file upload-v5.cif (mmCIF, C-alpha atoms)
data_query
#
loop_
_atom_site.group_PDB
_atom_site.id
_atom_site.type_symbol
_atom_site.label_atom_id
_atom_site.label_comp_id
_atom_site.auth_asym_id
_atom_site.auth_seq_id
_atom_site.Cartn_x
_atom_site.Cartn_y
_atom_site.Cartn_z
ATOM 1 C CA MET A 188 109.453 136.588 22.794
ATOM 2 C CA ALA A 189 112.754 136.400 24.587
ATOM 3 C CA VAL A 190 115.191 139.257 24.049
ATOM 4 C CA ALA A 191 118.810 138.185 23.721
ATOM 5 C CA ASP A 192 121.393 139.933 25.849
ATOM 6 C CA THR A 193 123.846 142.000 23.840
ATOM 7 C CA VAL A 194 127.478 142.737 24.665
ATOM 8 C CA ASP A 195 129.342 145.823 23.527
ATOM 9 C CA PRO A 196 132.686 144.416 22.246
ATOM 10 C CA ASP A 197 134.557 147.667 22.793
ATOM 11 C CA GLY A 198 133.199 148.088 26.306
ATOM 12 C CA TRP A 199 133.973 144.437 27.064
ATOM 13 C CA MET A 200 137.601 144.901 25.987
ATOM 14 C CA VAL A 201 137.963 147.988 28.161
ATOM 15 C CA THR A 202 136.706 146.034 31.175
ATOM 16 C CA PHE A 203 138.872 143.036 30.326
ATOM 17 C CA ASN A 204 142.039 145.111 29.893
ATOM 18 C CA ASP A 205 141.327 146.958 33.134
ATOM 19 C CA LEU A 206 141.011 143.658 35.004
ATOM 20 C CA MET A 207 144.207 142.247 33.493
ATOM 21 C CA GLY A 208 145.961 145.507 34.309
ATOM 22 C CA ARG A 209 145.107 145.007 37.983
ATOM 23 C CA ILE A 210 147.188 141.836 38.108
ATOM 24 C CA ALA A 211 149.986 142.969 35.766
ATOM 25 C CA GLY A 212 152.331 143.636 38.682
ATOM 26 C CA ARG A 213 152.092 140.004 39.817
ATOM 27 C CA PHE A 214 154.249 138.928 36.857
ATOM 28 C CA GLY A 215 157.981 139.562 36.929
ATOM 29 C CA ARG A 216 158.349 139.609 33.122
ATOM 30 C CA ILE A 217 156.257 140.914 30.256
ATOM 31 C CA GLU A 218 156.235 137.555 28.428
ATOM 32 C CA PRO A 219 154.224 135.588 31.025
ATOM 33 C CA ARG A 220 151.979 138.631 31.513
ATOM 34 C CA ARG A 221 151.109 138.645 27.814
ATOM 35 C CA THR A 222 150.641 134.886 27.819
ATOM 36 C CA ALA A 223 148.334 135.135 30.837
ATOM 37 C CA THR A 224 146.193 137.688 28.987
ATOM 38 C CA ALA A 225 145.940 135.384 25.968
ATOM 39 C CA TYR A 226 145.242 132.412 28.233
ATOM 40 C CA VAL A 227 142.339 134.120 30.028
ATOM 41 C CA ARG A 228 140.853 135.340 26.747
ATOM 42 C CA GLY A 229 140.969 131.775 25.506
ATOM 43 C CA LEU A 230 139.211 130.505 28.629
ATOM 44 C CA LEU A 231 136.458 133.062 28.059
ATOM 45 C CA SER A 232 136.052 132.053 24.413
ATOM 46 C CA ASP A 233 133.576 129.564 22.952
ATOM 47 C CA LEU A 234 136.224 126.914 22.247
ATOM 48 C CA ASP A 235 134.908 123.382 22.771
ATOM 49 C CA ARG A 236 138.176 122.153 24.296
ATOM 50 C CA LYS A 237 140.421 124.447 26.262
ATOM 51 C CA ASN A 238 143.811 122.777 26.563
ATOM 52 C CA CYS A 239 147.139 124.484 25.932
ATOM 53 C CA TRP A 240 147.157 123.469 22.261
ATOM 54 C CA ASN A 241 143.716 124.932 21.553
ATOM 55 C CA LEU A 242 144.317 128.045 23.632
ATOM 56 C CA ALA A 243 147.620 128.663 21.842
ATOM 57 C CA GLU A 244 145.950 128.311 18.446
ATOM 58 C CA HIS A 245 143.214 130.721 19.563
ATOM 59 C CA ALA A 246 145.923 133.240 20.530
ATOM 60 C CA GLY A 247 147.724 132.849 17.188
ATOM 61 C CA LEU A 248 150.783 131.142 18.672
ATOM 62 C CA THR A 249 152.758 128.507 16.771
ATOM 63 C CA GLY A 250 152.688 125.990 19.624
ATOM 64 C CA PRO A 251 151.618 125.413 23.238
ATOM 65 C CA GLN A 252 155.030 126.017 24.816
ATOM 66 C CA ALA A 253 154.255 129.516 26.148
ATOM 67 C CA MET A 254 150.978 128.361 27.699
ATOM 68 C CA GLN A 255 152.655 125.334 29.246
ATOM 69 C CA ARG A 256 155.461 127.490 30.709
ATOM 70 C CA LEU A 257 152.877 129.822 32.229
ATOM 71 C CA LEU A 258 151.239 126.922 34.072
ATOM 72 C CA ARG A 259 154.348 124.953 35.013
ATOM 73 C CA THR A 260 157.525 127.007 35.366
ATOM 74 C CA ALA A 261 156.864 130.747 34.915
ATOM 75 C CA CYS A 262 157.405 132.875 38.027
ATOM 76 C CA TRP A 263 154.241 134.729 39.035
ATOM 77 C CA HIS A 264 152.386 135.228 42.312
ATOM 78 C CA THR A 265 149.362 132.954 42.047
ATOM 79 C CA ASP A 266 147.985 133.651 45.540
ATOM 80 C CA ALA A 267 148.390 137.405 45.035
ATOM 81 C CA VAL A 268 146.368 137.123 41.811
ATOM 82 C CA ARG A 269 143.750 135.249 43.809
ATOM 83 C CA ASP A 270 143.613 138.108 46.314
ATOM 84 C CA ASP A 271 143.241 140.647 43.488
ATOM 85 C CA LEU A 272 140.407 138.576 42.064
ATOM 86 C CA ARG A 273 138.641 138.373 45.418
ATOM 87 C CA ASP A 274 138.781 142.169 45.818
ATOM 88 C CA TYR A 275 137.421 142.629 42.296
ATOM 89 C CA VAL A 276 134.592 140.166 42.951
ATOM 90 C CA ILE A 277 133.524 142.069 46.079
ATOM 91 C CA GLU A 278 133.557 145.339 44.147
ATOM 92 C CA GLN A 279 131.346 143.868 41.423
ATOM 93 C CA LEU A 280 129.004 141.663 43.466
ATOM 94 C CA GLY A 281 128.778 143.749 46.612
ATOM 95 C CA TYR A 282 128.814 142.861 50.265
ATOM 96 C CA ASP A 283 126.519 140.686 52.358
ATOM 97 C CA GLY A 284 127.410 137.520 50.422
ATOM 98 C CA VAL A 285 127.420 133.778 50.991
ATOM 99 C CA LEU A 286 130.399 131.422 50.724
ATOM 100 C CA ILE A 287 129.841 128.116 48.915
ATOM 101 C CA VAL A 288 132.279 125.180 49.006
ATOM 102 C CA ASP A 289 132.221 122.387 46.441
ATOM 103 C CA GLU A 290 134.591 120.169 44.515
ATOM 104 C CA THR A 291 134.805 119.415 40.818
ATOM 105 C CA GLY A 292 136.798 116.960 38.742
ATOM 106 C CA PHE A 293 138.995 117.419 35.693
ATOM 107 C CA LEU A 294 139.100 114.361 33.468
ATOM 108 C CA LYS A 295 142.609 113.281 32.453
ATOM 109 C CA LYS A 296 144.067 110.613 30.174
ATOM 110 C CA GLY A 297 147.568 110.373 31.625
ATOM 111 C CA ALA A 298 149.096 109.796 35.061
ATOM 112 C CA GLY A 299 151.466 112.771 35.279
ATOM 113 C CA SER A 300 149.160 115.589 36.405
ATOM 114 C CA ALA A 301 149.426 116.312 40.131
ATOM 115 C CA GLY A 302 146.760 114.478 42.134
ATOM 116 C CA VAL A 303 145.365 112.482 39.220
ATOM 117 C CA GLN A 304 143.995 109.014 39.947
ATOM 118 C CA ARG A 305 140.867 106.956 39.339
ATOM 119 C CA GLN A 306 138.298 108.523 41.644
ATOM 120 C CA TYR A 307 134.676 109.587 41.674
ATOM 121 C CA THR A 308 133.943 112.929 40.063
ATOM 122 C CA GLY A 309 130.606 114.609 39.627
ATOM 123 C CA THR A 310 131.868 115.942 36.285
ATOM 124 C CA ALA A 311 131.418 112.461 34.811
ATOM 125 C CA GLY A 312 128.991 111.089 37.412
ATOM 126 C CA ARG A 313 131.190 108.023 37.942
ATOM 127 C CA ILE A 314 134.737 106.901 38.797
ATOM 128 C CA GLU A 315 137.173 108.227 36.183
ATOM 129 C CA ASN A 316 140.843 109.116 35.844
ATOM 130 C CA SER A 317 140.780 112.696 37.072
ATOM 131 C CA GLN A 318 142.099 115.477 39.251
ATOM 132 C CA VAL A 319 139.782 116.879 41.918
ATOM 133 C CA GLY A 320 139.852 120.439 43.153
ATOM 134 C CA VAL A 321 137.954 122.027 46.042
ATOM 135 C CA PHE A 322 136.667 125.523 45.269
ATOM 136 C CA LEU A 323 135.268 128.430 47.252
ATOM 137 C CA ALA A 324 132.668 130.687 45.619
ATOM 138 C CA TYR A 325 131.213 134.010 46.737
ATOM 139 C CA ALA A 326 127.567 134.694 45.867
ATOM 140 C CA THR A 327 125.230 137.653 46.300
ATOM 141 C CA ALA A 328 121.963 138.673 44.677
ATOM 142 C CA ARG A 329 124.063 140.232 41.892
ATOM 143 C CA GLY A 330 125.914 137.061 40.869
ATOM 144 C CA ARG A 331 128.592 134.583 41.907
ATOM 145 C CA ALA A 332 132.271 133.927 41.274
ATOM 146 C CA LEU A 333 135.091 131.665 42.472
ATOM 147 C CA VAL A 334 137.466 133.281 44.978
ATOM 148 C CA ASP A 335 139.805 130.433 46.022
ATOM 149 C CA ARG A 336 140.887 126.892 45.183
ATOM 150 C CA ARG A 337 142.804 123.912 46.555
ATOM 151 C CA LEU A 338 143.996 120.774 44.752
ATOM 152 C CA TYR A 339 143.075 117.499 46.446
ATOM 153 C CA LEU A 340 146.185 115.299 46.718
ATOM 154 C CA PRO A 341 145.438 111.622 47.486
ATOM 155 C CA GLN A 342 147.506 110.136 50.295
ATOM 156 C CA HIS A 343 148.512 106.706 49.001
ATOM 157 C CA SER A 344 148.851 107.222 45.265
ATOM 158 C CA TRP A 345 150.618 110.596 45.558
ATOM 159 C CA LEU A 346 151.891 111.881 48.899
ATOM 160 C CA ALA A 347 153.298 108.473 49.825
ATOM 161 C CA ASN A 348 155.400 108.611 46.625
ATOM 162 C CA PRO A 349 157.908 111.517 46.933
ATOM 163 C CA MET A 350 159.486 110.820 43.530
ATOM 164 C CA ARG A 351 156.130 111.051 41.763
ATOM 165 C CA CYS A 352 155.321 114.266 43.627
ATOM 166 C CA ALA A 353 158.666 115.835 42.741
ATOM 167 C CA LYS A 354 158.228 114.977 39.067
ATOM 168 C CA ALA A 355 154.797 116.647 39.033
ATOM 169 C CA GLY A 356 156.053 119.744 40.893
ATOM 170 C CA VAL A 357 154.232 119.059 44.150
ATOM 171 C CA PRO A 358 155.999 121.024 46.957
ATOM 172 C CA GLU A 359 157.974 118.908 49.450
ATOM 173 C CA GLN A 360 156.024 120.380 52.367
ATOM 174 C CA ALA A 361 152.660 119.302 50.934
ATOM 175 C CA ALA A 362 150.645 117.258 53.436
ATOM 176 C CA PHE A 363 147.471 115.265 53.093
ATOM 177 C CA ALA A 364 144.216 117.100 53.768
ATOM 178 C CA THR A 365 140.657 115.902 53.337
ATOM 179 C CA LYS A 366 138.269 117.891 51.163
ATOM 180 C CA PRO A 367 136.512 119.382 54.238
ATOM 181 C CA ALA A 368 139.931 120.340 55.649
ATOM 182 C CA LEU A 369 140.804 122.095 52.383
ATOM 183 C CA ALA A 370 137.463 123.889 52.534
ATOM 184 C CA ALA A 371 138.172 124.954 56.119
ATOM 185 C CA GLU A 372 141.558 126.399 55.079
ATOM 186 C CA MET A 373 139.931 128.524 52.381
ATOM 187 C CA ILE A 374 137.038 129.675 54.571
ATOM 188 C CA ASP A 375 139.384 130.567 57.419
ATOM 189 C CA ALA A 376 141.650 132.541 55.060
ATOM 190 C CA ALA A 377 138.694 134.356 53.473
ATOM 191 C CA LEU A 378 137.272 135.350 56.863
ATOM 192 C CA ASP A 379 140.709 136.554 57.978
ATOM 193 C CA THR A 380 140.736 139.016 55.057
ATOM 194 C CA GLY A 381 137.428 140.461 56.200
ATOM 195 C CA LEU A 382 135.376 138.982 53.352
ATOM 196 C CA PRO A 383 131.787 139.937 54.270
ATOM 197 C CA THR A 384 130.077 136.590 54.779
ATOM 198 C CA ARG A 385 126.535 135.989 56.027
ATOM 199 C CA TRP A 386 126.796 132.199 56.056
ATOM 200 C CA VAL A 387 128.489 129.193 54.422
ATOM 201 C CA SER A 388 126.900 126.474 52.328
ATOM 202 C CA GLY A 389 128.087 123.033 51.208
ATOM 203 C CA ASP A 390 126.895 119.535 50.382
ATOM 204 C CA GLU A 391 127.133 116.333 52.412
ATOM 205 C CA VAL A 392 130.889 115.961 51.861
ATOM 206 C CA TYR A 393 131.372 119.052 54.039
ATOM 207 C CA GLY A 394 128.348 118.770 56.311
ATOM 208 C CA GLN A 395 129.533 115.428 57.676
ATOM 209 C CA ASP A 396 132.792 116.908 59.012
ATOM 210 C CA PRO A 397 132.407 118.053 62.653
ATOM 211 C CA ARG A 398 135.678 120.021 62.542
ATOM 212 C CA LEU A 399 134.410 122.237 59.731
ATOM 213 C CA ARG A 400 131.161 122.908 61.587
ATOM 214 C CA ALA A 401 133.120 123.638 64.763
ATOM 215 C CA LEU A 402 135.315 126.127 62.884
ATOM 216 C CA LEU A 403 132.274 128.002 61.603
ATOM 217 C CA GLU A 404 130.741 128.102 65.071
ATOM 218 C CA GLN A 405 134.003 129.405 66.526
ATOM 219 C CA ARG A 406 134.144 132.117 63.860
ATOM 220 C CA GLY A 407 130.519 133.048 64.535
ATOM 221 C CA VAL A 408 129.418 132.266 60.972
ATOM 222 C CA GLY A 409 126.125 130.539 60.220
ATOM 223 C CA TYR A 410 126.021 127.595 57.858
ATOM 224 C CA VAL A 411 123.702 125.457 55.748
ATOM 225 C CA LEU A 412 125.482 122.120 55.272
ATOM 226 C CA ALA A 413 123.853 118.920 54.055
ATOM 227 C CA ILE A 414 124.115 115.728 56.137
ATOM 228 C CA ALA A 415 123.254 112.101 55.468
ATOM 229 C CA GLY A 416 119.757 110.898 56.323
ATOM 230 C CA ASN A 417 121.125 108.327 58.782
ATOM 231 C CA ARG A 418 123.072 110.898 60.808
ATOM 232 C CA ARG A 419 121.928 111.086 64.433
ATOM 233 C CA VAL A 420 120.990 114.535 65.715
ATOM 234 C CA ASN A 421 119.335 115.718 68.914
ATOM 235 C CA LEU A 422 115.800 117.066 68.761
ATOM 236 C CA ASP A 423 114.045 118.039 71.996
ATOM 237 C CA GLY A 424 116.474 115.966 74.029
ATOM 238 C CA THR A 425 116.189 112.809 71.905
ATOM 239 C CA ASP A 426 118.779 111.478 69.453
ATOM 240 C CA ARG A 427 117.116 110.655 66.137
ATOM 241 C CA SER A 428 118.116 110.202 62.510
ATOM 242 C CA ALA A 429 117.824 113.242 60.242
ATOM 243 C CA ALA A 430 115.623 111.231 57.866
ATOM 244 C CA GLY A 431 113.283 110.324 60.736
ATOM 245 C CA ILE A 432 112.910 113.955 61.749
ATOM 246 C CA ALA A 433 112.183 114.973 58.159
ATOM 247 C CA ALA A 434 109.555 112.227 57.802
ATOM 248 C CA ASP A 435 107.601 113.637 60.750
ATOM 249 C CA VAL A 436 107.381 117.176 59.355
ATOM 250 C CA ALA A 437 103.828 118.002 58.251
ATOM 251 C CA ASP A 438 103.323 118.769 54.560
ATOM 252 C CA ARG A 439 102.245 122.338 55.309
ATOM 253 C CA HIS A 440 105.642 123.123 56.822
ATOM 254 C CA TRP A 441 107.645 122.263 53.696
ATOM 255 C CA HIS A 442 108.741 125.111 51.415
ATOM 256 C CA HIS A 443 109.863 124.415 47.854
ATOM 257 C CA TYR A 444 112.593 126.499 46.231
ATOM 258 C CA ARG A 445 114.239 126.238 42.842
ATOM 259 C CA ALA A 446 118.043 125.992 42.853
ATOM 260 C CA GLY A 447 118.774 126.654 39.196
ATOM 261 C CA GLN A 448 118.736 124.516 36.095
ATOM 262 C CA GLY A 449 120.256 121.018 36.141
ATOM 263 C CA VAL A 450 121.136 118.592 33.365
ATOM 264 C CA LYS A 451 117.716 116.962 33.807
ATOM 265 C CA GLY A 452 115.726 120.171 34.173
ATOM 266 C CA PRO A 453 114.962 122.546 37.078
ATOM 267 C CA ARG A 454 116.368 121.508 40.453
ATOM 268 C CA TRP A 455 113.765 121.821 43.215
ATOM 269 C CA TYR A 456 114.510 121.442 46.922
ATOM 270 C CA ALA A 457 112.124 121.171 49.852
ATOM 271 C CA TRP A 458 112.974 122.981 53.091
ATOM 272 C CA ALA A 459 111.551 122.789 56.604
ATOM 273 C CA TRP A 460 112.827 124.250 59.876
ATOM 274 C CA ALA A 461 113.640 122.261 63.007
ATOM 275 C CA ARG A 462 115.792 123.293 65.967
ATOM 276 C CA ILE A 463 118.451 120.659 66.685
ATOM 277 C CA ASP A 464 121.365 120.627 69.102
ATOM 278 C CA GLU A 465 124.832 119.394 68.189
ATOM 279 C CA PRO A 466 126.920 117.721 70.936
ATOM 280 C CA ALA A 467 129.242 120.739 71.035
ATOM 281 C CA HIS A 468 126.258 123.034 71.619
ATOM 282 C CA ARG A 469 124.952 120.850 74.427
ATOM 283 C CA ALA A 470 128.406 120.802 76.012
ATOM 284 C CA ARG A 471 128.450 124.618 76.008
ATOM 285 C CA GLN A 472 125.059 124.585 77.692
ATOM 286 C CA ARG A 473 126.417 122.372 80.487
ATOM 287 C CA ASP A 474 129.547 124.525 80.873
ATOM 288 C CA THR A 475 127.811 127.912 80.850
ATOM 289 C CA GLY A 476 124.296 127.177 81.908
ATOM 290 C CA GLY A 477 123.139 128.949 78.733
ATOM 291 C CA CYS A 478 120.366 127.978 76.369
#

call {"tool": "encode", "arguments": {"input": "upload-v5.cif", "output": "structure tokens"}}
result
Amino acid sequence: MAVADTVDPDGWMVTFNDLMGRIAGRFGRIEPRRTATAYVRGLLSDLDRKNCWNLAEHAGLTGPQAMQRLLRTACWHTDAVRDDLRDYVIEQLGYDGVLIVDETGFLKKGAGSAGVQRQYTGTAGRIENSQVGVFLAYATARGRALVDRRLYLPQHSWLANPMRCAKAGVPEQAAFATKPALAAEMIDAALDTGLPTRWVSGDEVYGQDPRLRALLEQRGVGYVLAIAGNRRVNLDGTDRSAAGIAADVADRHWHHYRAGQGVKGPRWYAWAWARIDEPAHRARQRDTGGC
């Protein structure tokens, strides 16, 4: 018989108020600070839909205006709150963690939200009208939590249209960046703060970008990044496809690990080890005579 986890409501509120108190100084006025507290409590609730209308109703407000002001026009230090969150996450989850980069989509009905367009999103599993954000998570044996974020802004439908950007509140200095480039910005910033990181993980979107891999090698951080099966890599001095190398691995060398529960049941992955050399690594060998 499974035993359900129980939560002490009073203890939970003490922890929640302590956390919100840590970021209280990031708000210049008491009104947005109170709204932020109500907003976060709403996000942590069991509401089916969590838009400004529903969150305002959950907080006992007469309308969504306060929530909308918090997100659009209120003056508060968003990046400083992010830094406070990162410090709290390290305190709770401990050191010796792993950084994970991934993107997710937010389905939208209109065209006014910054970065929205018809694009593929894993949230729906197809092309939909959505925003896409790239996120950085920190994970240890004790749990995982998000520690940074970047909004993906499409080049042609958004950044090439200054009037549309201005209307949506996109800063004038905003420049186009690919999803791997956004990931690199967040990883670089996290490492600069001294975030204790053993290695970095990401799917094929990030594994295919040589600049991201080069950044991690320059920073001396290991990585596990997926690549396409048709990507050419060097094994024992011969360029071969990744799929071809995998096909030659004997069954006894594969290890199967579960990566959590998916929408269709447990997600199992097979792993095998092979030493490959990237072009940059081979170039260093030629330059230094190393191995």

call {"tool": "residues_around", "arguments": {"input": "upload-v5.cif", "residues": "Thr384 of chain A", "least_positions_apart": "6", "cutoff": "7 Å", "atoms": "all atoms listed in the file", "output": "PDB file with C-alpha atoms, keeping the file's coordinate frame"}}
result
ATOM      1  CA  ASP A 283     126.519 140.686  52.358  1.00  0.00           C
ATOM      2  CA  GLY A 284     127.410 137.520  50.422  1.00  0.00           C
ATOM      3  CA  VAL A 285     127.420 133.778  50.991  1.00  0.00           C
ATOM      4  CA  LEU A 286     130.399 131.422  50.724  1.00  0.00           C
TER       5      LEU A 286
END

call {"tool": "atom_distance", "arguments": {"input": "upload-v5.cif", "atom1": "atom CA of Ala347 of chain A", "atom2": "atom CA of Gly394 of chain A"}}
result
27.8 Å

call {"tool": "closest_atom_pairs", "arguments": {"input": "upload-v5.cif", "of": "segment 364-478 of chain A", "to": "segment 261-279 of chain A", "cutoff": "12 Å", "atoms": "only C-alpha atoms", "output": "CSV"}}
result
residue,atom,partner,partner_atom,distance
A:Met373,CA,A:Arg269,CA,11.5
A:Ala376,CA,A:Asp270,CA,10.6
A:Ala377,CA,A:Arg273,CA,9.0
A:Leu378,CA,A:Arg273,CA,11.9
A:Thr380,CA,A:Asp270,CA,9.2
A:Gly381,CA,A:Asp274,CA,10.6
A:Leu382,CA,A:Ile277,CA,8.1
A:Pro383,CA,A:Ile277,CA,8.6
A:Thr384,CA,A:Ile277,CA,10.8

call {"tool": "residues_near_point", "arguments": {"input": "upload-v5.cif", "point": "(127.1, 140.2, 42.0)", "cutoff": "8 Å", "atoms": "only C-alpha atoms", "output": "PDB file with C-alpha atoms, in the frame of the given file"}}
result
ATOM      1  CA  VAL A 276     134.592 140.166  42.951  1.00  0.00           C
ATOM      2  CA  ILE A 277     133.524 142.069  46.079  1.00  0.00           C
ATOM      3  CA  GLN A 279     131.346 143.868  41.423  1.00  0.00           C
ATOM      4  CA  LEU A 280     129.004 141.663  43.466  1.00  0.00           C
ATOM      5  CA  GLY A 281     128.778 143.749  46.612  1.00  0.00           C
ATOM      6  CA  ALA A 326     127.567 134.694  45.867  1.00  0.00           C
ATOM      7  CA  THR A 327     125.230 137.653  46.300  1.00  0.00           C
ATOM      8  CA  ALA A 328     121.963 138.673  44.677  1.00  0.00           C
ATOM      9  CA  ARG A 329     124.063 140.232  41.892  1.00  0.00           C
ATOM     10  CA  GLY A 330     125.914 137.061  40.869  1.00  0.00           C
ATOM     11  CA  ARG A 331     128.592 134.583  41.907  1.00  0.00           C
TER      12      ARG A 331
END

call {"tool": "closest_residue", "arguments": {"input": "upload-v5.cif", "among": "A:Gly292, A:Tyr325, A:Ala413, A:Arg427", "to": "Trp458 of chain A", "atoms": "all atoms listed in the file"}}
result
A:Ala413

call {"tool": "resolve_selection", "arguments": {"input": "upload-v5.cif", "expression": "the PyMOL selection byres ((chain A and resi 333) around 6)", "output": "PyMOL selection string"}}
result
chain A and resi 323-324+332+334

call {"tool": "atom_distance", "arguments": {"input": "upload-v5.cif", "atom1": "atom CA of Ala415 of chain A", "atom2": "atom CA of Gln395 of chain A"}}
result
7.4 Å

call {"tool": "residues_around", "arguments": {"input": "upload-v5.cif", "residues": "segment 213-226 of chain A", "least_positions_apart": "5", "cutoff": "10 Å", "atoms": "only C-alpha atoms", "output": "MDAnalysis selection string"}}
result
chainID A and resid 203:204 206:208 231:232 237:239 242:243 245:248 253:258 261:268 271

call {"tool": "atom_distance", "arguments": {"input": "upload-v5.cif", "atom1": "atom CA of Lys295 of chain A", "atom2": "atom CA of Val319 of chain A"}}
result
10.5 Å

call {"tool": "resolve_selection", "arguments": {"input": "upload-v5.cif", "expression": "the PyMOL selection byres ((chain A and resi 289) around 7)", "output": "list in words"}}
result
Ile287, Val288, Glu290, Thr291, Val321, Phe322, Leu323 and Gly389 of chain A

call {"tool": "resolve_selection", "arguments": {"input": "upload-v5.cif", "expression": "the PyMOL selection byres ((chain A and resi 298) around 12)", "output": "PyMOL selection string"}}
result
chain A and resi 294-297+299-305+316-318+344-345+351-352+354-355

call {"tool": "residues_around", "arguments": {"input": "upload-v5.cif", "residues": "Arg462 of chain A", "least_positions_apart": "5", "cutoff": "10 Å", "atoms": "only C-alpha atoms", "output": "list in words"}}
result
Asn421, Leu422 and Asp423 of chain A

call {"tool": "residues_around", "arguments": {"input": "upload-v5.cif", "residues": "segment 453-455 of chain A", "least_positions_apart": "4", "cutoff": "12 Å", "atoms": "only C-alpha atoms", "output": "list in words"}}
result
His442, His443, Tyr444, Arg445, Ala446, Gly447, Gln448 and Gly449 of chain A
